[in-house]
Every structure is written in structure tokens, then in C-alpha cells.
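> Take this structure, written in C-alpha cells, and hold onto it; I'll ask about it next.
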Amino acid sequence: MKLKTLMMGAVATAAMAPAAFAERGSDGQVNIIMWQAPSTMNMYLSGGTKDVIAASMVLEPLARFTPEGEVVAWLAAEVPSVENGGISEDLRSVTWKLKPGVKWSDGTALTSADVVFTADYCMSPEGGCAQLAKFEGVESVEAVDDLTVRVTFTTPRPDPFSAFVSGQAPIIQKAQFENCIGEAAPTCTEENFNPIGTGPFRVTEFRTNDVITFEANPEYRDPDKPAFATLVMKGGGDPASAARSVLETGEFDYAWNTQLAPDVLQGMEAKGMGKVSAAFGSLIERLEVNMTDPSSSLPEGERSTLKHPHPILSDANVRKALSMAIDRQLLTEIGYGSAGKPTCNLIPAPEAWASDNTECLTQDIEGAKALLDQAGWVPGADGIREKDGKRLSLLYQTSVNAVRQDFQALIKQWWQEIGVETELKVIDASVYFGGDPGSPDTFQRFYADIEMLANFFEGGNPEPYLAQRTCNKAPGPDSQWQGENINRFCDEGYDKMIAELSGIVDPAERGEMGQRLNDMLTKDSHSIIPLVYRGTASAHSNTLGGVQLNAWDTELWNVADWYRVKE
Amino acid sequence: MTEPRGQQVEESVSNAAAPGAEALPPDDPVAAGAPSRSQWRDIWHQFRNHRGAMLALVIFLGIILFVGIGPWLWTIDATYVDYRARNQGFTLAHPLGTDQLGRDILARMMTGGRVSIAVGLVAMAIALTLGSAIGVLSGYFRRLDAPLMRLTELFLALPLLPLLLLMVTLFREPLSQRLGAGGGVFLLIVTAIGVTSWMQTARIVRGDVLGLKEREFILAAKSIGTPAPRMILRHVLPNVISPIMVAATLGIATAIITESSLSFLGLGFPPDFPTWGRLLYDAVDQMQMYPWRVILPGAFISLTVLSVNYIGDGLRDAMDPRIRGR
């Protein structure tokens, strides 16, 4: 008996050893399912999250964001700051020092020329780079020496971490893409499907919208990583089948974006093969309140433009009452479970920017009724409130999505209780978010009174996101209905504060200013009614170790650290 | 519908009379025939002998009663959200349970059925009228044949979904304004389904009419100078009634399913209008945990379709003089 125990102990130790001293390629294969299949490996040509995620295993940036939203050096030796001289005193330039000895997967060395080339590639005027926003305000990128790059901005930048930071703006190899610049970019199929990278994996076979197979990069800078020799990324299906293939059948180790009803996920998790984890970034599910008149009796080209303020929703009391009637706690519970938190803020993070605005978290139907009574909106014969011959009747639109339709039903009922009539409308997501200037059903057109959507900002700097709400960014016929100020919020004071914000350097002060701006949009004006702070949920098998979800960067940011859990 | 039946008898009477050389057919065979036995009674008698059809009729009437009278007896609002009673099983308060928002499923089944059956019947009627009209015209008049058949092929080749998308985008708003959200969408959807599903019927009918045209009784009718409209209504249509019937029963099923896929794409009814198709689709995610939510609407759709099919089958048999009496 004793001998047997000893032997078993020895076997167990032997089995444990590889996990403890993992070497490259020792853990076999890892399978990832993406229900939206990646269609390219060059994220400069596609803004889709799916493509960015796939490519992030091969191409790496100078610095990344951690799950907490902080910047960490990746290909750079250190994060530049004013203290270490990386950021100049006038805030107009950043100097990046590359890690020495980093090699591309073809064996050549990574140099500053590659970084300079990446900027030229994306900023090429004929290129149509999908990540151009990351390079906005960059005046020049120059190589100081082989391992040093200086980025100069046109205006002082208190927060310069956009170009070359995060999975959306990684470094591509100059030697490979040299002839693919500008108009030639999309024609370089071979390069776009099989980029040479510095990341832990390299592509062995790329089948568009289907399967990508990867193998460990032999030149990766950490000789022990990655633990997996091969990685297969399968595309296609829907969130439910993807989650099932990880949580119930175990065919896959990792499923991206398994956004399903919480009770469905709980049922799947009960099988004990894997679990769903959520990471919180800045994604907020919210109601946008149209401040302009979407009425179809207006001539085309004037509907939902600043020319005509909304007949009902211009009344701040109505907007406030609509917000008060909503039980955000219940919405979160029904729609997102542990992958959501009720919120009253548009900017939920980073901490310095998050306003302590919690007033809206308790539902107050009676208060909402009283508020409407005071404002002169009195119930008519059918219980719907009226004022000056205007019925409190709203059109509420969103995309086709089971959770969003549940939200619509709940919110409609709460609004019914306070005497607001709601007509619901759903639009196919590809049309709603499609941005086609010719379609009347896009969220930018906003031919409705209320619309529901979720949006987020990248990186730890919410400033550009807040700057979207200035008067001049309202979508309209003259801007081909493009523009980020979806609800046509227009306040001179707000515009002035945004201008001020770009000159402030001190992080604490910036955060404070950001909180004030957030409050102006939410609790002061109720032009945006935040509902749920959403996490991104992904499922992974219990046998897959090292997974650390990251909502501020790509989900596979630390794929090099993944390993197989030995039992 | 009365026209064809009248014809059947006329024909069967004349057929019967033909071998008897003594008397020519009377001027008005219907009036001259046995007055005690009416058309309808004959058909009903025959229909009653078709056991499947009788069962189907009972089920179909049951469903109609369920969705027609049900909402008056079971007064819970189908869209009322009672979030304290979410995901309940079969209880006294909610005989068929509640959904993920605590809406009563029995009430939703009734209200949903109203919409689904109405859509099915109306869309089928539109498709059938269009289809048989085009089929008969192109089969009967040689000059119209080529253009009408090319039109049919054109419609068959049209991708259905983009066309529906276009129709909805163009007409939803003006129609909703004039007829209200529900009414406008209803009209739009039945029209959309109707005008995109008549092609099969048209082709089948045309084929039958082409064959029929060569038959002796048509020739005989022609030789006594029967004008074309009368010819079509009295001699052609009644004889192609059986393929039309079959197409009709299948059409109802397709219409119910098409409506649900439209709702699924956000092109159909607003989300607060339950329909069977929507209930089915909404429940698919929770199929494993709450199978009843899928089974119930699915069963109702299947039952409706099956029973309509059987009724069609029985009717066809009952109206066919060659089978009747056997």
C-alpha cells in the first residue's frame, strides 16, 4: 500500500513537472472558436474586433493596456513618461525605446525603421487605414537610432498612448509590406493573410472566414513561450453554439464573445467543463434621447437635425422622468447577469474619470409621475399624458437582439406606468450599425425618439469619447449622416469645457473635468440615459490556464502565457 | 368557390346523361336535377367520410376558437411583464408557464395565434389569387403565355430577402402612419409574402390548364361558342381546383414561417407583437432549459399546417366527382 502511494506520488509529480517548467510547444494544441470569423490578419485594413483579435497573436504593439486599463511596455523597453524623459516637457513628442534583441518570425531584427514604416503605412493618404484614429494628430514619426523612435504631435498631448499602443495599432514588418503601401494595401493578399510578426504565434494556413492555423513562433523572445505548439482558430456559428462547444462538449478551449442570457450561460456552466468570465472596459448600454425632431412630416434633410428641437424631449423634466422610471438593477439581472453592472455613468472607468453618480440606481415611478405632473404633462383619457395638444408618445428603436428586445419590453412597461406611450421598433444589426448614408434606419440617422445601443472608448483616455458630444459632431445630411454626436446634444458650455480639457495635463484634474462632462450628459441633462455597464464575456475551458480577459486591449493579449492545466 | 362546385355537378350530370341517348341534357341541369339533394350536402356528406379531414377540421376549429375567443376568457395581457414571476412552470396562475420576463405564455400563444393565422390566411389568399389568375391566363391564352411565364421566372429569380428589405424600408413608415403600427405592418407583410410566393401555384396551374385545353369537353364547349371568361370560370377553374387546394394548404404554412423569419430579421412586426413564429425563435436559446417554450408554438404551427393540409385533402376528394360516392 505504501509503495503504491509512493509510486502514485511519483507519477503525479512527473505529470505536474511540465506544467511547472513549461517549455515552448509542450502543451500541444489549443482551439479557439470565434463565431464571427476573421477575414484578414491585417487590422489596418479592417476595424472588426474579430480581425484585431486574430492578428494580435502575430503582430504586437510597443505597449499594451492591462485589464486594469494601465499602460505596460510590450515591444518597448519601458513606458515613456515625463519623468524618464520619454515624453517631452512641452508634451508634443514621445520617444519610444525598443526592447533590444526582438526578432521577427523570419529571423530578422525588429528596428525603428519598422515602427516608422507602420506609421507611414497607416497614415498614407490613399490607404484608407481602419485604425487611422489611433494616429490622429501625429505630425511625424522618425527614427533616432536603430532602437529609438520619436513621435511628434501637432498639438500638446497629455495622453500620447494611441499610436503603437494596444492591439489595434501594432508594428508591421517594413520588409514585408514595403510594396503594399497606399492604394496597393488591399491587393497584397499574401501579406495581409500571413503577416510576419513578433508575437508568440505565426500563421501556417489562413482560410478566409473559416479556419486559421497557427504554430509557435520559433523566434519568439521568451524561449519558454508559448506553451502551445499549435493554435487553431475556427470561425462561424453563433454565440450559443460557440459557448456550447466550450462549456458543454469541450470541442474548443476558448470561445470569444459569448453574449447570452445569463440563465442560458448558467445552465451551460453547470456541466462543469468550463466557465464564462467577464472583463469590464468602458462598454455602456444606454438610451440616446433624440434632442431633435425626427417627425416624418418634416421635409427630408431636416428630420433629426439641429434645425428642429424635439417637441417633447426638449423638456428636461420628461427626460429625467424617463430615466427615473427605469430599474437598472433588474435590467442587469435579466440581461447580463454577472457580465453587467447597473450604472448612471457614460464614463465608468478609469477610476479618476468615473463620477460618483448613483442617484439613478433606485427606480422611482412615483417620483417620475410627480415630476411629469409638475411639468404640466397631465394624463389624458387613455392614461397617456398630454400637454398643449402633444401626446407623450415615443418611438423607441434598437437592433435585433434577444436581450435588447427584453429591455424594450421592460422599459415600455415602466414608461406605460408613468403615462408614456411607447412604440417599439427593431432593425437588423447590420443595417442599424451599418452606417449606410442612404438608409433611414441607421443609428446615426436616428429617425426615432429614443434609441438603445452600446458604445465604448479605447485606451485609458476618455477625452476623445467625450469630445464626440460637441455641437459640430451631430450627424446631418451635410456630413453624409456621419458623426458621433448621436443624440444631437448641443451645449456651448460643454463645447467650451471640452476645449479646456485638451489643455489640462494633470491626470487628477483631467479626471475631475471628465466627471463634470459626464454628469452634464447624464444626470444634469439626461440626454443620455445609461443603463448597464457591460463586460465582455468569453468562455474558456477549465483545462486552459493563464486566461486573463482584457477589455481595454484585445482578449488574446496574453496568449503567450496560456497553458494546459494538468490534472 | 360556389362557381366551381356548381360546375362539377353540371358536368357530372351531363356525363351521366351522355350515354343515355334518349334525352338530351336538360336546359338547366341543376334545376332539373333532384332538388332534394343540394351540392353542398353532397360535398359535406363525402367530406364527412374522410376521417382525417374531419379530425383536422375539429382541430382547426379548435385552434380558431382558442385564438379567437381565448383572449376574452383569459384576460392577462400578452405583453404584461411580471418580473417577479419569471420562468415559471405550469401553475394555476399561468397554465402554460411564463417566459423570461414573466409574460404569460397562454396569453401570448392566443394573441400570437391571431396574428399568425391571419397572416397565413390572408397571405395565402393573395398568393393563391395571383398565382391561379396568372396560371390560368398564361395556360389558356397562348399570346399571354410567354410574357407571363417570363414574369414568373423573373419573380422566381428575384432574391426574396433583399426585395422584402426594400419593401419594408420604402413602405413601413408611410403605412404605419396611415394604419397604425400593427395594421400597417400587417398589410405590408401579407402583401410582401403574397407577392413573393405565387409563382409555384402559377406554374402548376398553367401546366394543368395546358393539358385540360386539349380535352374533348373543352372542345365541345368551344364549339358551341362559349366565351372565354365563362369558359375559364365554368370549365377550366373547377378542374384545376385540386392542385390549387394543395398549393393553398402548403402556402399557409410557408406564410406563417416566412412571417417569423421576417420578425427575426427585424423586418416584421414590432417586438411587442407576439406571433407564433416570434415565440418560437425567441425560445430557441432557452430550448434546453425550457423545452416547452419551443414545443408549444412549434406544435401550434405544425397542428395548424397539418390540419389545413388534411382539410384541403378532404375537400379535394369531396369535390372530385370521380371519387365521390365511392
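Letters A, B, ... mark the chains of the C-alpha cells in the order given; residue numbers begin at 1 per chain; ligand numbers begin at 1, in order shown.
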Under the rule of at most 12 Å, produce a per-residue listing of chain B near chain A: chain, number, name, the closest pair of atoms, and the distance in Å, as a tab-separated table, using only C-alpha atoms.


residue	atom	partner	partner_atom	distance
B:Asp77	CA	A:Gln413	CA	11.6
B:Ala78	CA	A:Ala409	CA	11.2
B:Thr79	CA	A:Ala409	CA	7.6
B:Tyr80	CA	A:Gln413	CA	7.3
B:Val81	CA	A:Leu410	CA	6.6
B:Asp82	CA	A:Leu410	CA	9.2
B:Tyr83	CA	A:Leu330	CA	8.6
B:Arg84	CA	A:Leu330	CA	10.3
B:Arg86	CA	A:Ile334	CA	9.6
B:Asn87	CA	A:Asp263	CA	9.9
B:Asp99	CA	A:Asp406	CA	10.5
B:Gln100	CA	A:Ile334	CA	8.0
B:Leu101	CA	A:Asp406	CA	7.1
B:Gly102	CA	A:Leu410	CA	10.3
B:Arg103	CA	A:Ala409	CA	10.0
B:Leu165	CA	A:Asp428	CA	10.0
B:Leu166	CA	A:Ser439	CA	10.3
B:Val168	CA	A:Ile427	CA	10.8
B:Thr169	CA	A:Pro440	CA	7.8
B:Leu170	CA	A:Pro440	CA	9.5
B:Phe171	CA	A:Pro440	CA	11.9
B:Arg172	CA	A:Lys425	CA	10.9
B:Glu173	CA	A:Ser296	CA	8.3
B:Pro174	CA	A:Ser296	CA	8.8
B:Ser176	CA	A:Glu423	CA	11.0
B:Gln177	CA	A:Ser296	CA	9.2
B:Gly180	CA	A:Glu423	CA	10.2
B:Ala181	CA	A:Glu423	CA	7.8
B:Gly182	CA	A:Glu423	CA	10.1
B:Val185	CA	A:Lys425	CA	11.2
B:Ser261	CA	A:Asp428	CA	11.9
B:Leu262	CA	A:Asp428	CA	10.2
B:Ser263	CA	A:Val426	CA	8.9
B:Phe264	CA	A:Val400	CA	7.4
B:Leu265	CA	A:Asp428	CA	5.5
B:Gly266	CA	A:Ile427	CA	4.9
B:Leu267	CA	A:Ile427	CA	7.0
B:Gly268	CA	A:Val426	CA	8.9
B:Phe269	CA	A:Lys425	CA	8.4
B:Pro270	CA	A:Lys425	CA	5.3
B:Pro271	CA	A:Leu424	CA	6.5
B:Asp272	CA	A:Ala409	CA	6.8
B:Phe273	CA	A:Leu424	CA	9.5
B:Pro274	CA	A:Ala409	CA	11.4
B:Arg278	CA	A:Ala402	CA	10.8
B:Leu279	CA	A:Ala402	CA	11.4
B:Tyr281	CA	A:Ala402	CA	9.6
B:Asp282	CA	A:Ala402	CA	6.9
B:Ala283	CA	A:Ala402	CA	9.6
B:Val284	CA	A:Ala240	CA	9.9
B:Asp285	CA	A:Ala240	CA	7.1
B:Gln286	CA	A:Val264	CA	6.1
B:Met287	CA	A:Val264	CA	9.1
B:Gln288	CA	A:Gly267	CA	8.5
B:Met289	CA	A:Gly267	CA	7.3
B:Tyr290	CA	A:Val264	CA	10.0

> May I have all residues of segment 38-170 of chain B that DSSP, computed from the backbone, assigns to alpha helix (DSSP H), given as a ChimeraX atom specification?

/B:39-49,51-68,70-73,105-140,142-157,160-170

> Residues within 7 Å of segment 177-194 of chain A, please, as a list in words. Count only C-alpha atoms; anything in the same chain fewer than 5 positions from it doesn't count.

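Listed by chain and then number, they are Thr40, Met41, Asn42, Tyr121, Ser124, Pro125, Glu126, Gly127, Val203 and Phe206 of chain A.
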
> Find the spatial neighbours of Ala448 of chain A, counting only C-alpha atoms, within a cut-off of 7 Å - ignore same-chain residues fewer than 6 positions away - and output them as number ranges by chain.

A: 294, 395-397

> If we count only C-alpha atoms and set the cut-off at 9 Å, which residues sit around Ala119 of chain A, ignoring sequence neighbours fewer than 3 positions away in its own chain? Please answer as a PyMOL selection string.

chain A and resi 114-116+122-124+135+140-141+163-164+171

> Near segment 21-33 of chain A, counting only C-alpha atoms, which residues have an atom at most 7 Å away, once you skip same-chain residues fewer than 6 positions from it, shown as a count of residues only?

22

> Which residue gives the smallest distance to Arg319 of chain A among A:Glu300, A:Glu492, A:Asp356, A:Glu288, with only C-alpha atoms counted?

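Using only C-alpha atoms, Arg319 of chain A sits closest to A:Glu288.
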
> Tell me, as a ChimeraX atom specification, which residues lie within 9 Å of segment 187-190 of chain B, counting only C-alpha atoms; anything in the same chain fewer than 3 positions away does not count.

/B:118-124,126,164,167-168,171-172,175,179,182-184,193-195,255,259,262,267-269

> Since we have the selection now, will you write its residues out, keeping N, CA, C and O atoms, as a JSON list (two decimals), in the first residue's frame?


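Here's the written file part.json:
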[["chain", "number", "residue", "atom", "x", "y", "z"],
["B", 118, "ALA", "N", -53.98, 34.91, -39.10],
["B", 118, "ALA", "CA", -54.46, 35.94, -40.01],
["B", 118, "ALA", "C", -53.44, 36.16, -41.13],
["B", 118, "ALA", "O", -53.80, 36.22, -42.31],
["B", 119, "VAL", "N", -52.17, 36.26, -40.75],
["B", 119, "VAL", "CA", -51.14, 36.44, -41.77],
["B", 119, "VAL", "C", -51.16, 35.27, -42.73],
["B", 119, "VAL", "O", -51.14, 35.44, -43.95],
["B", 120, "GLY", "N", -51.20, 34.05, -42.18],
["B", 120, "GLY", "CA", -51.18, 32.86, -43.02],
["B", 120, "GLY", "C", -52.32, 32.86, -44.01],
["B", 120, "GLY", "O", -52.12, 32.67, -45.21],
["B", 121, "LEU", "N", -53.53, 33.10, -43.52],
["B", 121, "LEU", "CA", -54.71, 33.01, -44.39],
["B", 121, "LEU", "C", -54.70, 34.11, -45.45],
["B", 121, "LEU", "O", -54.91, 33.86, -46.64],
["B", 122, "VAL", "N", -54.44, 35.34, -45.01],
["B", 122, "VAL", "CA", -54.52, 36.45, -45.97],
["B", 122, "VAL", "C", -53.41, 36.36, -47.01],
["B", 122, "VAL", "O", -53.66, 36.50, -48.20],
["B", 123, "ALA", "N", -52.19, 36.08, -46.54],
["B", 123, "ALA", "CA", -51.08, 35.98, -47.49],
["B", 123, "ALA", "C", -51.34, 34.85, -48.46],
["B", 123, "ALA", "O", -51.09, 34.98, -49.67],
["B", 124, "MET", "N", -51.86, 33.74, -47.95],
["B", 124, "MET", "CA", -52.16, 32.61, -48.82],
["B", 124, "MET", "C", -53.21, 33.01, -49.85],
["B", 124, "MET", "O", -53.09, 32.69, -51.03],
["B", 126, "ILE", "N", -53.85, 35.94, -51.06],
["B", 126, "ILE", "CA", -53.26, 36.81, -52.06],
["B", 126, "ILE", "C", -52.42, 36.00, -53.05],
["B", 126, "ILE", "O", -52.58, 36.12, -54.28],
["B", 164, "LEU", "N", -37.77, 42.01, -49.92],
["B", 164, "LEU", "CA", -38.57, 42.31, -48.75],
["B", 164, "LEU", "C", -37.98, 43.48, -47.98],
["B", 164, "LEU", "O", -38.69, 44.38, -47.52],
["B", 167, "MET", "N", -38.93, 46.59, -49.69],
["B", 167, "MET", "CA", -40.35, 46.92, -49.49],
["B", 167, "MET", "C", -40.57, 47.50, -48.10],
["B", 167, "MET", "O", -41.25, 48.51, -47.93],
["B", 168, "VAL", "N", -39.95, 46.84, -47.11],
["B", 168, "VAL", "CA", -40.15, 47.30, -45.74],
["B", 168, "VAL", "C", -39.56, 48.70, -45.56],
["B", 168, "VAL", "O", -40.17, 49.58, -44.98],
["B", 171, "PHE", "N", -41.89, 51.24, -47.52],
["B", 171, "PHE", "CA", -43.31, 51.43, -47.20],
["B", 171, "PHE", "C", -43.67, 51.38, -45.73],
["B", 171, "PHE", "O", -44.78, 51.72, -45.37],
["B", 172, "ARG", "N", -42.73, 50.92, -44.87],
["B", 172, "ARG", "CA", -43.15, 50.73, -43.49],
["B", 172, "ARG", "C", -43.63, 52.04, -42.86],
["B", 172, "ARG", "O", -44.70, 52.09, -42.27],
["B", 175, "LEU", "N", -47.00, 53.51, -44.31],
["B", 175, "LEU", "CA", -48.13, 52.65, -43.96],
["B", 175, "LEU", "C", -48.44, 52.70, -42.47],
["B", 175, "LEU", "O", -49.59, 52.76, -42.06],
["B", 179, "LEU", "N", -52.07, 53.53, -41.01],
["B", 179, "LEU", "CA", -52.88, 52.44, -40.47],
["B", 179, "LEU", "C", -52.49, 52.04, -39.05],
["B", 179, "LEU", "O", -52.96, 51.05, -38.54],
["B", 182, "GLY", "N", -49.42, 48.33, -35.98],
["B", 182, "GLY", "CA", -49.79, 46.94, -36.25],
["B", 182, "GLY", "C", -50.40, 46.76, -37.63],
["B", 182, "GLY", "O", -49.98, 45.92, -38.41],
["B", 183, "GLY", "N", -51.40, 47.60, -37.92],
["B", 183, "GLY", "CA", -52.13, 47.46, -39.18],
["B", 183, "GLY", "C", -51.24, 47.63, -40.39],
["B", 183, "GLY", "O", -51.31, 46.86, -41.34],
["B", 184, "GLY", "N", -50.40, 48.65, -40.34],
["B", 184, "GLY", "CA", -49.51, 48.93, -41.46],
["B", 184, "GLY", "C", -48.58, 47.76, -41.72],
["B", 184, "GLY", "O", -48.44, 47.31, -42.86],
["B", 193, "ILE", "N", -45.42, 38.81, -48.49],
["B", 193, "ILE", "CA", -45.38, 37.35, -48.62],
["B", 193, "ILE", "C", -46.21, 36.90, -49.80],
["B", 193, "ILE", "O", -45.80, 36.04, -50.57],
["B", 194, "GLY", "N", -47.38, 37.53, -49.97],
["B", 194, "GLY", "CA", -48.28, 37.16, -51.07],
["B", 194, "GLY", "C", -47.61, 37.33, -52.43],
["B", 194, "GLY", "O", -47.59, 36.40, -53.23],
["B", 195, "VAL", "N", -47.02, 38.50, -52.65],
["B", 195, "VAL", "CA", -46.49, 38.74, -54.00],
["B", 195, "VAL", "C", -45.17, 38.03, -54.23],
["B", 195, "VAL", "O", -44.66, 38.07, -55.33],
["B", 255, "ALA", "N", -46.34, 30.83, -45.26],
["B", 255, "ALA", "CA", -46.56, 32.22, -44.86],
["B", 255, "ALA", "C", -46.29, 32.40, -43.37],
["B", 255, "ALA", "O", -45.66, 33.38, -42.97],
["B", 259, "GLU", "N", -43.27, 34.77, -42.10],
["B", 259, "GLU", "CA", -43.52, 35.90, -41.20],
["B", 259, "GLU", "C", -42.57, 35.85, -40.02],
["B", 259, "GLU", "O", -42.01, 36.88, -39.61],
["B", 262, "LEU", "N", -39.15, 36.94, -40.93],
["B", 262, "LEU", "CA", -39.12, 38.40, -41.11],
["B", 262, "LEU", "C", -39.02, 39.10, -39.76],
["B", 262, "LEU", "O", -38.22, 40.01, -39.57],
["B", 267, "LEU", "N", -37.71, 42.84, -39.63],
["B", 267, "LEU", "CA", -38.49, 43.44, -40.72],
["B", 267, "LEU", "C", -39.97, 43.23, -40.50],
["B", 267, "LEU", "O", -40.79, 43.76, -41.22],
["B", 268, "GLY", "N", -40.32, 42.42, -39.54],
["B", 268, "GLY", "CA", -41.72, 42.07, -39.37],
["B", 268, "GLY", "C", -42.42, 42.97, -38.37],
["B", 268, "GLY", "O", -42.17, 44.16, -38.31],
["B", 269, "PHE", "N", -43.25, 42.35, -37.56],
["B", 269, "PHE", "CA", -44.00, 43.10, -36.57],
["B", 269, "PHE", "C", -43.06, 43.66, -35.51],
["B", 269, "PHE", "O", -42.01, 43.10, -35.25]]

> Ranking B:Met54, B:Met110, B:Leu158, B:Leu237 by minimum distance to Gly135 of chain B and counting only C-alpha atoms, which one comes first?

B:Leu237

> Would you list, as an MDAnalysis selection string, the residues of segment 127-355 of chain A that end up in strand (DSSP E or B) under DSSP run on this structure's backbone?

chainID A and resid 138:145 148:153 165 201:206 211:216 230:235 254:255 274:289 292 309 340:342

> Which residue is closest to Ile76 of chain B? Choose from B:Arg51, B:Lys213, B:Arg108, B:His45 and count only C-alpha atoms.

B:Arg108

> By how many Å are atom CA of Asp145 of chain A and atom CA of Trp74 of chain A apart?

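Separation between atom CA of Asp145 of chain A and atom CA of Trp74 of chain A: 19.0 Å.
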